[in-house]
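> After the structure tokens below, expect a handful of questions from me.
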Amino acid sequence: MSVAAKQMSVGQATTYSILFAISGGHFINDSIQAVVPAMFPILEKSHSLSYAQLGWIAFVLNITSSLMQPVFGAVADRKPQPYLLPIGMGLSMLGVIAFSLSPNFYSLLFSVLFIGLGSAVFHPEGSRVAFMAAGQKRGLAQSIYQMGGNGGQSLAPIFTAFIFVPLGQKGALLFAGVTAIGVLLLYRVSTWYKHRLEISEITKRNQRASVKKKLHKSIKWAMVLLIFFVFARSWYAAAITNFYQFYLIENYGLSIKEAQLYLFVYMAAGVAGTFLGGPLADRFGRKKILVFSMLGAAPLAAALPYVPLAFVLPLFFLIGFILLSSFSVSVVYAQELLPEKVGTVSGLIVGLAFGMGAIGSVFFGVLADHYSLKLIMILASLLPLLGVSALALPGDEKVRKLNRG
């Protein structure tokens, strides 16, 4: 087999060992991020924090990640940096150690900067690895990768119930060892990534050629619509993951531990939705899954603030599953809109999810302090209706034609 043929074969094969390894790194990275909101019920009492202050902690964490992800992605599009992966995990390790020992609100803000920066370094290159290892199964590959991240986030309620309630803030020190394992795992992935870059001269030529191609206005408009779509989904997720636990405690009389288990059902369902969304998009089309994820969840989300406690769990499961079925699909759709800028668009879409959630966290926190948790739950319940914007996105075949033309 010729060198060119070998390169083409490498590009078409799906490398599952790397996909599961980068998914494992994503799991650890997002588990560390999940430590922060998981600690909110503890910090509220131990440091006498307001809902607005909790919102600001979430804001600093997520806005650091969201602002820097596209920056690192754009830099890596010009010159990929394989070893940024373990470096990012190392930054998260420093952040979680500082977070566990922070004595006040301002030191908490400082510590989450490192966690956010570590995530910003990790995500664009992690998405690029998943793209490179995908072969022809891009939806499935991105689902495997994103399932790791959403799986890590879904453990936040478990961390609260079984680690932070009994151990308090210093329980976060347990995660320093987890990040050390992550550094070693991602070093191995980076070695594969570096080798893959060395043999991928075809990709480099395509990237050079793509610089001369003018971006079609339909692609620009599709990116705007997709960003708006992610904005609406992220604000709803921010309301649920950061504040619904307090709503359960205040309105239904649950304990902190009981509220976390309810939240876990929502987030675990989201992991399942994230995993299945990619293969379903490979089969039925990216746009169809994007539309279904928001408009399918809309009536269930609208009902959630008004139902008796007995209906919360089944609604939570269905909303989490349906809504997050588009999580990996939105990344793949963006990558296929701009295939020559995989790092940039991955950082933009994934980073935007955290960034928009950050702004939503502050907004909802201020509303909760001045009005009520009930109000923010009602307002948030209407956000999935904004998924109607996905109807205006170009279909999959049109996206392929735009990139060919």
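To be explicit about the labels: the chains of the structure tokens are called A, B, and onward in the order shown, and within each one the residues are counted from 1, while ligands get numbers from 1 in the order they are shown.
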Compile the contact shell of range 77-88 of chain A as an NGL selection string: residues with an atom at most 8 Å away, counting only C-alpha atoms, same-chain residues fewer than 4 positions apart removed.
:A and (73 or 92 or 117-122 or 125-126 or 182-184 or 186-187 or 190-191 or 193-194 or 340-344)
> Would you mind exporting C-alpha atoms of the selected residues as a PDB file, in the first residue's frame?

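After the write, result.pdb holds the following:
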ATOM      1  CA  GLY A  73      -9.019  26.602  19.146  1.00  0.00           C
ATOM      2  CA  SER A  92      -7.438  22.114  36.570  1.00  0.00           C
ATOM      3  CA  LEU A 117      -8.666  27.989  32.044  1.00  0.00           C
ATOM      4  CA  GLY A 118      -7.787  24.288  32.216  1.00  0.00           C
ATOM      5  CA  SER A 119     -11.107  23.463  30.588  1.00  0.00           C
ATOM      6  CA  ALA A 120     -10.535  26.103  27.900  1.00  0.00           C
ATOM      7  CA  VAL A 121      -7.168  24.557  27.040  1.00  0.00           C
ATOM      8  CA  PHE A 122      -8.580  21.017  26.971  1.00  0.00           C
ATOM      9  CA  GLU A 125      -7.960  20.023  21.227  1.00  0.00           C
ATOM     10  CA  GLY A 126     -10.155  17.289  22.703  1.00  0.00           C
ATOM     11  CA  GLY A 182      -6.054  12.509  33.803  1.00  0.00           C
ATOM     12  CA  VAL A 183      -2.662  14.043  33.052  1.00  0.00           C
ATOM     13  CA  LEU A 184      -1.175  10.579  32.389  1.00  0.00           C
ATOM     14  CA  LEU A 186      -4.040  12.633  28.129  1.00  0.00           C
ATOM     15  CA  TYR A 187      -0.268  12.392  27.683  1.00  0.00           C
ATOM     16  CA  SER A 190      -1.238  13.493  22.890  1.00  0.00           C
ATOM     17  CA  THR A 191       1.436  11.050  21.722  1.00  0.00           C
ATOM     18  CA  TYR A 193      -2.219  12.953  18.215  1.00  0.00           C
ATOM     19  CA  LYS A 194       1.357  14.104  17.508  1.00  0.00           C
ATOM     20  CA  GLU A 340     -11.188  23.816   7.986  1.00  0.00           C
ATOM     21  CA  LYS A 341     -11.623  25.422  11.435  1.00  0.00           C
ATOM     22  CA  VAL A 342     -12.453  22.461  13.660  1.00  0.00           C
ATOM     23  CA  GLY A 343     -10.690  23.857  16.727  1.00  0.00           C
ATOM     24  CA  THR A 344     -12.234  27.306  16.456  1.00  0.00           C
TER      25      THR A 344
END
> Excluding Leu391 in chain A and any residue of its chain fewer than 4 positions from it, enumerate the residues within 12 Å of it, using only C-alpha atoms, and give them as an NGL selection string.
:A and (222 or 225-226 or 229 or 286-295 or 385-387 or 395)
> Could you tell me how far CA of Leu382 in chain A sits from CA of Ala302 in chain A, in Å to one decimal place?
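Separation of CA of Ala302 in chain A and CA of Leu382 in chain A: 6.0 Å.
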> Would you mind writing down, as a ChimeraX atom specification, each residue of range 142-334 of chain A that DSSP on the backbone assigns to alpha helix (DSSP H)?
/A:142-154,156-159,165-167,174-198,201-210,217-252,256-284,286-303,309-323,327-334
> List as a list in words the protein and nucleic acid residues near Thr14 in chain A, meaning an atom at most 7 Å away when only C-alpha atoms are counted, but skip any in the same chain fewer than 3 places from it.
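Once the nearby chain positions are removed, what remains is Ala133, Ala134, Gly135 and Lys137 of chain A.
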> Just the selected residues (C-alpha atoms), exported as a short mmCIF file (atom, residue, chain, number, x, y, z; two decimals), in the first residue's frame, please.

data_model
loop_
_atom_site.label_atom_id
_atom_site.label_comp_id
_atom_site.auth_asym_id
_atom_site.auth_seq_id
_atom_site.Cartn_x
_atom_site.Cartn_y
_atom_site.Cartn_z
CA ALA A 133 -10.32 9.65 15.28
CA ALA A 134 -13.89 9.62 13.93
CA GLY A 135 -13.34 8.34 10.42
CA LYS A 137 -18.68 8.18 12.02
#
> Measure the distance from CA of Ser48 in chain A to CA of Phe364 in chain A in Å and round it to one decimal.
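Distance reported for this atom pair: 18.4 Å.
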> So that I can check the surroundings of Lys217 in chain A, please list as JSON, numbers by chain every protein, DNA and RNA residue that reaches within 12 Å of it, counting only C-alpha atoms and ignoring chain neighbours fewer than 4 positions away.
{"A": [221, 222, 223, 224, 337, 394, 399, 402, 403]}
> With C-alpha atoms retained, export the selected residues as a short mmCIF file (atom, residue, chain, number, x, y, z; two decimals), in the first residue's frame.

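Generated output (selection.cif):
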data_model
loop_
_atom_site.label_atom_id
_atom_site.label_comp_id
_atom_site.auth_asym_id
_atom_site.auth_seq_id
_atom_site.Cartn_x
_atom_site.Cartn_y
_atom_site.Cartn_z
CA TRP A 221 -26.08 32.84 8.90
CA ALA A 222 -26.24 29.17 9.91
CA MET A 223 -23.52 29.78 12.50
CA VAL A 224 -25.49 32.72 13.93
CA LEU A 337 -20.15 24.07 8.43
CA PRO A 394 -29.79 24.52 6.23
CA VAL A 399 -24.30 22.15 4.13
CA LEU A 402 -22.12 24.86 0.36
CA ASN A 403 -18.73 23.48 1.36
#
> Near range 168-175 of chain A, within 8 Å and counting only C-alpha atoms, which residues show up once chain neighbours fewer than 4 positions away are dropped, as a list in words?
Ile32, Val35, Met39, Ile42, Leu43, Met93, Val96, Ile97, Phe99, Ser100, Leu101, Ile163, Phe164 and Thr179 of chain A
> Which residue gives the smallest distance to Leu140 in chain A among A:Phe246, A:Phe275, A:Tyr106, A:Phe162, with only C-alpha atoms counted?
A:Phe275
> Check the smallest atom-to-atom distance from each of A:Ile219, A:Ala238, A:Ile378, A:Met147 to Val329 in chain A using only C-alpha atoms, then report the winner.
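When distances to Val329 in chain A are compared using only C-alpha atoms, the smallest one comes from A:Met147.
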> Residues near range 56-72 of chain A, anyone? I mean within 10 Å using only C-alpha atoms, not counting same-chain ones fewer than 3 positions away, as an MDAnalysis selection string.
chainID A and resid 33 36:37 40 50:53 75:77 80:81 84 105:106 108:125 238 242 343:363 365:366
> Quick check, in Å to one decimal: how far apart do CA of Phe316 in chain A and CA of Tyr266 in chain A lie?
4.9 Å
> Using only C-alpha atoms, pick whichever of A:Val129, A:Val312, A:Leu19, A:Ala298 has the shortest atom-to-atom distance to Tyr236 in chain A.
A:Ala298
